file start_6.txt (compact mmCIF, C-alpha atoms)
# COMPACT_ATOMS: atom_id res chain seq x y z
CA MET D 1 34.36 73.89 49.69
CA VAL D 2 33.58 71.61 52.62
CA ILE D 3 31.65 72.76 55.63
CA VAL D 4 32.81 71.30 58.93
CA ARG D 5 30.51 71.36 61.90
CA ALA D 6 31.51 70.10 65.33
CA ASP D 7 28.98 69.01 67.89
CA PHE D 8 30.32 69.01 71.48
CA ARG D 9 28.60 67.04 74.21
CA TRP D 10 29.73 65.80 77.57
CA ARG D 11 32.30 63.02 76.99
CA GLU D 12 31.46 62.84 73.30
CA THR D 13 32.51 64.88 70.27
CA THR D 14 31.02 64.44 66.81
CA ILE D 15 32.51 66.00 63.70
CA ILE D 16 30.29 66.19 60.64
CA CYS D 17 31.61 67.12 57.19
CA THR D 18 29.07 68.18 54.62
CA GLU D 19 29.29 69.40 51.03
CA PRO D 20 27.32 72.52 50.08
CA PRO D 21 24.23 71.80 48.00
CA MET D 22 24.89 71.60 44.27
CA TYR D 23 21.49 73.02 43.37
CA LYS D 24 21.26 76.66 42.38
CA ALA D 25 17.95 78.35 41.86
CA PRO D 26 17.29 79.76 38.37
CA GLU D 27 17.23 83.27 39.84
CA GLN D 28 20.87 82.90 40.87
CA PHE D 29 21.90 82.19 37.27
CA LEU D 30 19.75 85.03 35.94
CA ASP D 31 21.07 87.50 38.50
CA ALA D 32 24.69 86.61 37.69
CA ASP D 33 24.66 88.26 34.24
CA ALA D 34 24.33 92.06 34.00
CA ALA D 35 21.75 92.10 31.18
CA THR D 36 19.51 89.44 32.68
CA GLY D 37 20.00 91.03 36.09
CA ARG D 38 18.31 94.21 34.82
CA VAL D 39 15.45 92.14 33.39
CA MET D 40 15.07 90.29 36.69
CA ALA D 41 15.05 93.59 38.60
CA HIS D 42 12.32 94.92 36.30
CA ALA D 43 10.33 91.69 36.73
CA ARG D 44 10.60 91.99 40.53
CA LEU D 45 9.43 95.60 40.31
CA LEU D 46 6.43 94.56 38.21
CA MET D 47 5.59 91.81 40.72
CA LYS D 48 5.77 94.34 43.56
CA LEU D 49 3.47 96.74 41.64
CA THR D 50 1.09 93.89 40.78
CA ASN D 51 0.82 92.82 44.42
CA ARG D 52 0.17 96.42 45.49
CA PHE D 53 -2.42 96.90 42.71
CA ASP D 54 -4.19 93.73 43.84
CA ALA D 55 -4.23 95.06 47.39
CA VAL D 56 -5.67 98.52 46.61
CA ALA D 57 -7.94 97.97 43.59
CA PRO D 58 -11.60 97.05 44.08
CA THR D 59 -12.34 93.34 43.61
CA ALA D 60 -14.18 93.68 40.29
CA LEU D 61 -11.39 95.78 38.81
CA ARG D 62 -8.68 93.55 40.22
CA GLN D 63 -10.09 90.57 38.32
CA SER D 64 -10.42 92.49 35.04
CA ALA D 65 -7.14 94.43 34.95
CA HIS D 66 -3.46 93.85 35.56
CA VAL D 67 -0.21 95.80 35.67
CA ALA D 68 1.52 95.38 32.32
CA ASN D 69 4.64 97.55 32.49
CA TYR D 70 6.47 100.38 34.21
CA LYS D 71 8.43 103.02 32.28
CA SER D 72 10.05 106.07 33.88
CA GLY D 73 7.31 106.97 36.34
CA ARG D 74 4.42 105.71 34.19
CA ILE D 75 2.57 102.54 35.14
CA ILE D 76 0.76 100.84 32.25
CA ILE D 77 -2.33 98.84 33.17
CA HIS D 78 -4.20 96.57 30.75
CA ALA D 79 -7.95 96.36 31.23
CA ASP D 80 -10.16 93.62 29.79
CA ASN D 81 -12.83 96.00 28.49
CA GLY D 82 -13.69 99.67 28.07
CA ALA D 83 -15.86 99.90 31.18
CA VAL D 84 -13.04 98.73 33.43
CA ALA D 85 -10.62 101.08 31.65
CA ALA D 86 -12.95 104.04 32.20
CA LYS D 87 -13.28 103.27 35.91
CA LEU D 88 -9.50 102.92 36.28
CA ARG D 89 -9.03 106.28 34.54
CA GLN D 90 -11.43 107.86 37.05
CA MET D 91 -9.40 106.36 39.90
CA ASN D 92 -6.10 107.46 38.29
CA ARG D 93 -4.91 109.84 41.02
CA ARG D 94 -5.87 107.58 43.93
CA LEU D 95 -4.25 104.54 42.34
CA CYS D 96 -1.13 106.56 41.54
CA ASP D 97 -0.82 107.60 45.21
CA GLU D 98 -1.43 104.06 46.47
CA LEU D 99 1.08 102.50 44.05
CA SER D 100 3.69 105.07 45.07
CA CYS D 101 3.61 103.63 48.60
CA VAL D 102 5.66 100.68 47.35
CA GLY D 103 8.62 102.98 46.87
CA VAL D 104 8.23 103.42 43.13
CA GLU D 105 7.85 106.83 41.54
CA CYS D 106 4.41 107.00 39.93
CA ASN D 107 3.60 110.17 38.03
CA GLU D 108 0.94 108.79 35.73
CA ILE D 109 -1.13 105.68 35.11
CA GLU D 110 -1.83 104.79 31.50
CA VAL D 111 -4.78 102.44 30.99
CA LYS D 112 -5.09 100.43 27.78
CA VAL D 113 -7.87 98.10 26.74
CA GLN D 114 -6.27 94.74 26.05
CA PRO D 115 -8.67 91.77 26.27
CA ARG D 116 -7.13 88.57 27.56
CA GLN D 117 -6.76 85.80 25.05
CA ILE D 118 -9.28 83.05 25.75
CA PRO D 119 -8.47 79.80 23.97
CA VAL D 120 -11.15 78.82 21.51
CA ARG D 121 -12.81 75.61 22.49
CA SER D 122 -14.43 73.76 19.66
CA MET D 123 -17.40 71.70 20.58
CA SER D 124 -17.58 68.42 18.76
CA SER D 125 -20.94 67.73 17.27
CA THR D 126 -22.81 64.80 18.68
CA SER D 127 -25.33 62.98 16.59
CA LYS D 128 -28.71 62.81 18.24
CA PRO D 129 -30.65 59.69 17.42
CA ILE D 130 -34.06 59.96 15.73
CA SER D 131 -36.80 57.69 16.99
CA ASP D 132 -38.47 55.28 14.58
CA LYS D 133 -41.74 57.23 14.90
CA ALA D 134 -40.01 60.53 13.97
CA ALA D 135 -38.17 58.86 11.09
CA GLY D 136 -41.48 57.45 9.78
CA LEU D 137 -43.14 60.88 9.93
CA LEU D 138 -40.22 62.49 8.12
CA ARG D 139 -40.27 59.77 5.45
CA SER D 140 -43.98 60.28 4.81
CA THR D 141 -43.45 64.04 4.65
CA VAL D 142 -40.60 63.61 2.14
CA GLU D 143 -42.82 61.42 -0.07
CA MET D 144 -45.59 64.08 -0.13
CA LEU D 145 -43.21 66.99 -0.99
CA PRO D 146 -42.54 67.97 -4.59
CA LYS D 147 -38.95 67.67 -5.84
CA GLY D 148 -36.91 70.61 -4.57
CA PRO D 149 -34.33 71.74 -2.05
CA LEU D 150 -36.52 71.03 1.01
CA ARG D 151 -37.23 67.46 -0.11
CA SER D 152 -33.56 66.78 -0.83
CA ALA D 153 -32.50 68.27 2.53
CA LEU D 154 -34.99 66.11 4.47
CA ASP D 155 -33.99 63.06 2.45
CA ASN D 156 -30.34 63.76 3.24
CA LEU D 157 -31.24 64.13 6.95
CA LEU D 158 -32.98 60.75 6.96
CA GLN D 159 -30.01 59.04 5.34
CA ARG D 160 -27.45 60.50 7.77
CA ALA D 161 -29.47 60.37 11.00
CA ALA D 162 -28.69 57.76 13.60
CA ARG D 163 -31.59 55.62 14.66
CA ALA D 164 -32.61 55.27 18.31
CA GLU D 165 -32.93 51.68 19.40
call {"tool": "encode", "arguments": {"input": "start_6.txt", "output": "C-alpha cells"}}
result
Amino acid sequence: MVIVRADFRWRETTIICTEPPMYKAPEQFLDADAATGRVMAHARLLMKLTNRFDAVAPTALRQSAHVANYKSGRIIIHADNGAVAAKLRQMNRRLCDELSCVGVECNEIEVKVQPRQIPVRSMSSTSKPISDKAAGLLRSTVEMLPKGPLRSALDNLLQRAARAE
C-alpha cells in the first residue's frame, strides 16, 4: 500500500509518495492472536491496577507491596513482610473501594507474604597485610606456645599472611 500526499501551493504542486512503515510494535503481534490477546488484556488490567495501587497506597506500603494478580473480583497483593501484610489487611475495605475506581470489580483483596528475591552478592575476601612488627610478635608468641591447635593455627596464619612493605 502506498500513501500519496499532495501539497498544493500557489503556482507549485508537489506530490509525495511514501511507503507505510515496516515496523510493527510487539504489542501488535501479541494482540493479533486470540490466546495472546487475552494474556495481553490481563497484563494491561494488572498494569492499570498497579498504577492505581501506587496512587492510593501510603508510600511505605507502596515500596513494600505490589499487585500480583486479579481473579474474578479478587485482587492478590504480595507484601514483602508480615508487618506490611497486616497493615494492608487493615486497609482492605478502603483499598478495595479505591481500586474499584479504575473500573474493575473488586470484592476482596487477598494479601500474601512473598519476599522479593534479592540476588546474593558474595564478597571476595581481601588479604590484609601484616606489618613486620606484628609478624615478629606473632612469631615470638608461636615459639613460646606448646604444641597444639592454637600454635598450629598461628603458624598457619604466619605462613599465609601477606607482608606489608
call {"tool": "residues_around", "arguments": {"input": "start_6.txt", "residues": "Leu154 (chain D)", "least_positions_apart": "2", "cutoff": "9 Å", "atoms": "only C-alpha atoms", "output": "PyMOL selection string"}}
result
chain D and resi 138-139+141-142+149-152+156-159
call {"tool": "atom_distance", "arguments": {"input": "start_6.txt", "atom1": "CA of Val113 (chain D)", "atom2": "CA of Arg44 (chain D)"}}
result
23.8 Å
call {"tool": "residues_around", "arguments": {"input": "start_6.txt", "residues": "Val111 (chain D)", "least_positions_apart": "4", "cutoff": "9 Å", "atoms": "only C-alpha atoms", "output": "VMD selection string"}}
result
chain D and resid 75 to 79 85 to 86 88 to 89 92
call {"tool": "atom_distance", "arguments": {"input": "start_6.txt", "atom1": "CA of Thr126 (chain D)", "atom2": "CA of Ala161 (chain D)"}}
result
11.1 Å
call {"tool": "closest_residue", "arguments": {"input": "start_6.txt", "among": "D:Asp155, D:Ser127, D:Leu99, D:Arg74", "to": "Ala55 (chain D)", "atoms": "only C-alpha atoms"}}
result
D:Leu99
call {"tool": "atom_distance", "arguments": {"input": "start_6.txt", "atom1": "CA of Gly148 (chain D)", "atom2": "CA of Ala134 (chain D)"}}
result
21.3 Å
call {"tool": "residues_around", "arguments": {"input": "start_6.txt", "residues": "Lys87 (chain D)", "least_positions_apart": "6", "cutoff": "12 Å", "atoms": "all atoms listed in the file", "output": "PyMOL selection string"}}
result
chain D and resi 57-58+60-62+64-65+79-81+93-95+111-113
call {"tool": "closest_residue", "arguments": {"input": "start_6.txt", "among": "D:Gly37, D:Gly82, D:Gly103, D:Gly73", "to": "Arg52 (chain D)", "atoms": "only C-alpha atoms"}}
result
D:Gly103
call {"tool": "closest_residue", "arguments": {"input": "start_6.txt", "among": "D:Ile109, D:Asp33, D:Asp97, D:Arg160", "to": "Val67 (chain D)", "atoms": "only C-alpha atoms"}}
result
D:Ile109
call {"tool": "closest_residue", "arguments": {"input": "start_6.txt", "among": "D:Ala32, D:Met144, D:Ala68, D:Ala41", "to": "Glu110 (chain D)", "atoms": "only C-alpha atoms"}}
result
D:Ala68
call {"tool": "closest_residue", "arguments": {"input": "start_6.txt", "among": "D:Cys96, D:Thr59, D:Cys101, D:His66", "to": "Pro115 (chain D)", "atoms": "all atoms listed in the file"}}
result
D:His66
call {"tool": "build_atoms", "arguments": {"input": "start_6.txt", "residues": "region 69-85 of chain D", "atoms": "N, CA, C and O atoms", "output": "tab-separated table (two decimals), keeping the file's coordinate frame"}}
result
chain	number	residue	atom	x	y	z
D	69	ASN	N	3.27	97.08	32.61
D	69	ASN	CA	4.64	97.55	32.49
D	69	ASN	C	4.84	98.80	33.35
D	69	ASN	O	3.89	99.40	33.84
D	70	TYR	N	6.10	99.17	33.50
D	70	TYR	CA	6.47	100.38	34.21
D	70	TYR	C	7.61	101.03	33.42
D	70	TYR	O	8.62	100.39	33.14
D	71	LYS	N	7.41	102.29	33.03
D	71	LYS	CA	8.43	103.02	32.28
D	71	LYS	C	8.55	104.42	32.84
D	71	LYS	O	7.60	105.19	32.79
D	72	SER	N	9.69	104.74	33.38
D	72	SER	CA	10.05	106.07	33.88
D	72	SER	C	8.89	106.83	34.52
D	72	SER	O	8.48	107.88	34.05
D	73	GLY	N	8.35	106.29	35.59
D	73	GLY	CA	7.31	106.97	36.34
D	73	GLY	C	5.91	106.73	35.84
D	73	GLY	O	4.95	107.22	36.42
D	74	ARG	N	5.75	105.98	34.76
D	74	ARG	CA	4.42	105.71	34.19
D	74	ARG	C	4.11	104.23	34.33
D	74	ARG	O	4.87	103.38	33.86
D	75	ILE	N	3.01	103.93	34.99
D	75	ILE	CA	2.57	102.54	35.14
D	75	ILE	C	1.51	102.28	34.08
D	75	ILE	O	0.54	103.02	33.95
D	76	ILE	N	1.70	101.21	33.32
D	76	ILE	CA	0.76	100.84	32.25
D	76	ILE	C	-0.07	99.67	32.76
D	76	ILE	O	0.46	98.65	33.19
D	77	ILE	N	-1.39	99.86	32.71
D	77	ILE	CA	-2.33	98.84	33.17
D	77	ILE	C	-3.18	98.41	31.99
D	77	ILE	O	-3.69	99.25	31.25
D	78	HIS	N	-3.33	97.10	31.80
D	78	HIS	CA	-4.20	96.57	30.75
D	78	HIS	C	-5.53	96.17	31.37
D	78	HIS	O	-5.57	95.42	32.36
D	79	ALA	N	-6.60	96.68	30.78
D	79	ALA	CA	-7.95	96.36	31.23
D	79	ALA	C	-8.61	95.44	30.21
D	79	ALA	O	-8.31	95.50	29.01
D	80	ASP	N	-9.50	94.57	30.68
D	80	ASP	CA	-10.16	93.62	29.79
D	80	ASP	C	-11.19	94.26	28.87
D	80	ASP	O	-11.45	93.75	27.79
D	81	ASN	N	-11.81	95.36	29.32
D	81	ASN	CA	-12.83	96.00	28.49
D	81	ASN	C	-12.85	97.51	28.77
D	81	ASN	O	-12.19	97.99	29.68
D	82	GLY	N	-13.64	98.22	27.97
D	82	GLY	CA	-13.69	99.67	28.07
D	82	GLY	C	-14.28	100.18	29.37
D	82	GLY	O	-13.87	101.23	29.87
D	83	ALA	N	-15.24	99.45	29.93
D	83	ALA	CA	-15.86	99.90	31.18
D	83	ALA	C	-14.85	99.87	32.33
D	83	ALA	O	-14.78	100.81	33.13
D	84	VAL	N	-14.06	98.83	32.39
D	84	VAL	CA	-13.04	98.73	33.43
D	84	VAL	C	-11.98	99.81	33.22
D	84	VAL	O	-11.52	100.45	34.17
D	85	ALA	N	-11.62	100.04	31.96
D	85	ALA	CA	-10.62	101.08	31.65
D	85	ALA	C	-11.12	102.45	32.07
D	85	ALA	O	-10.37	103.25	32.64
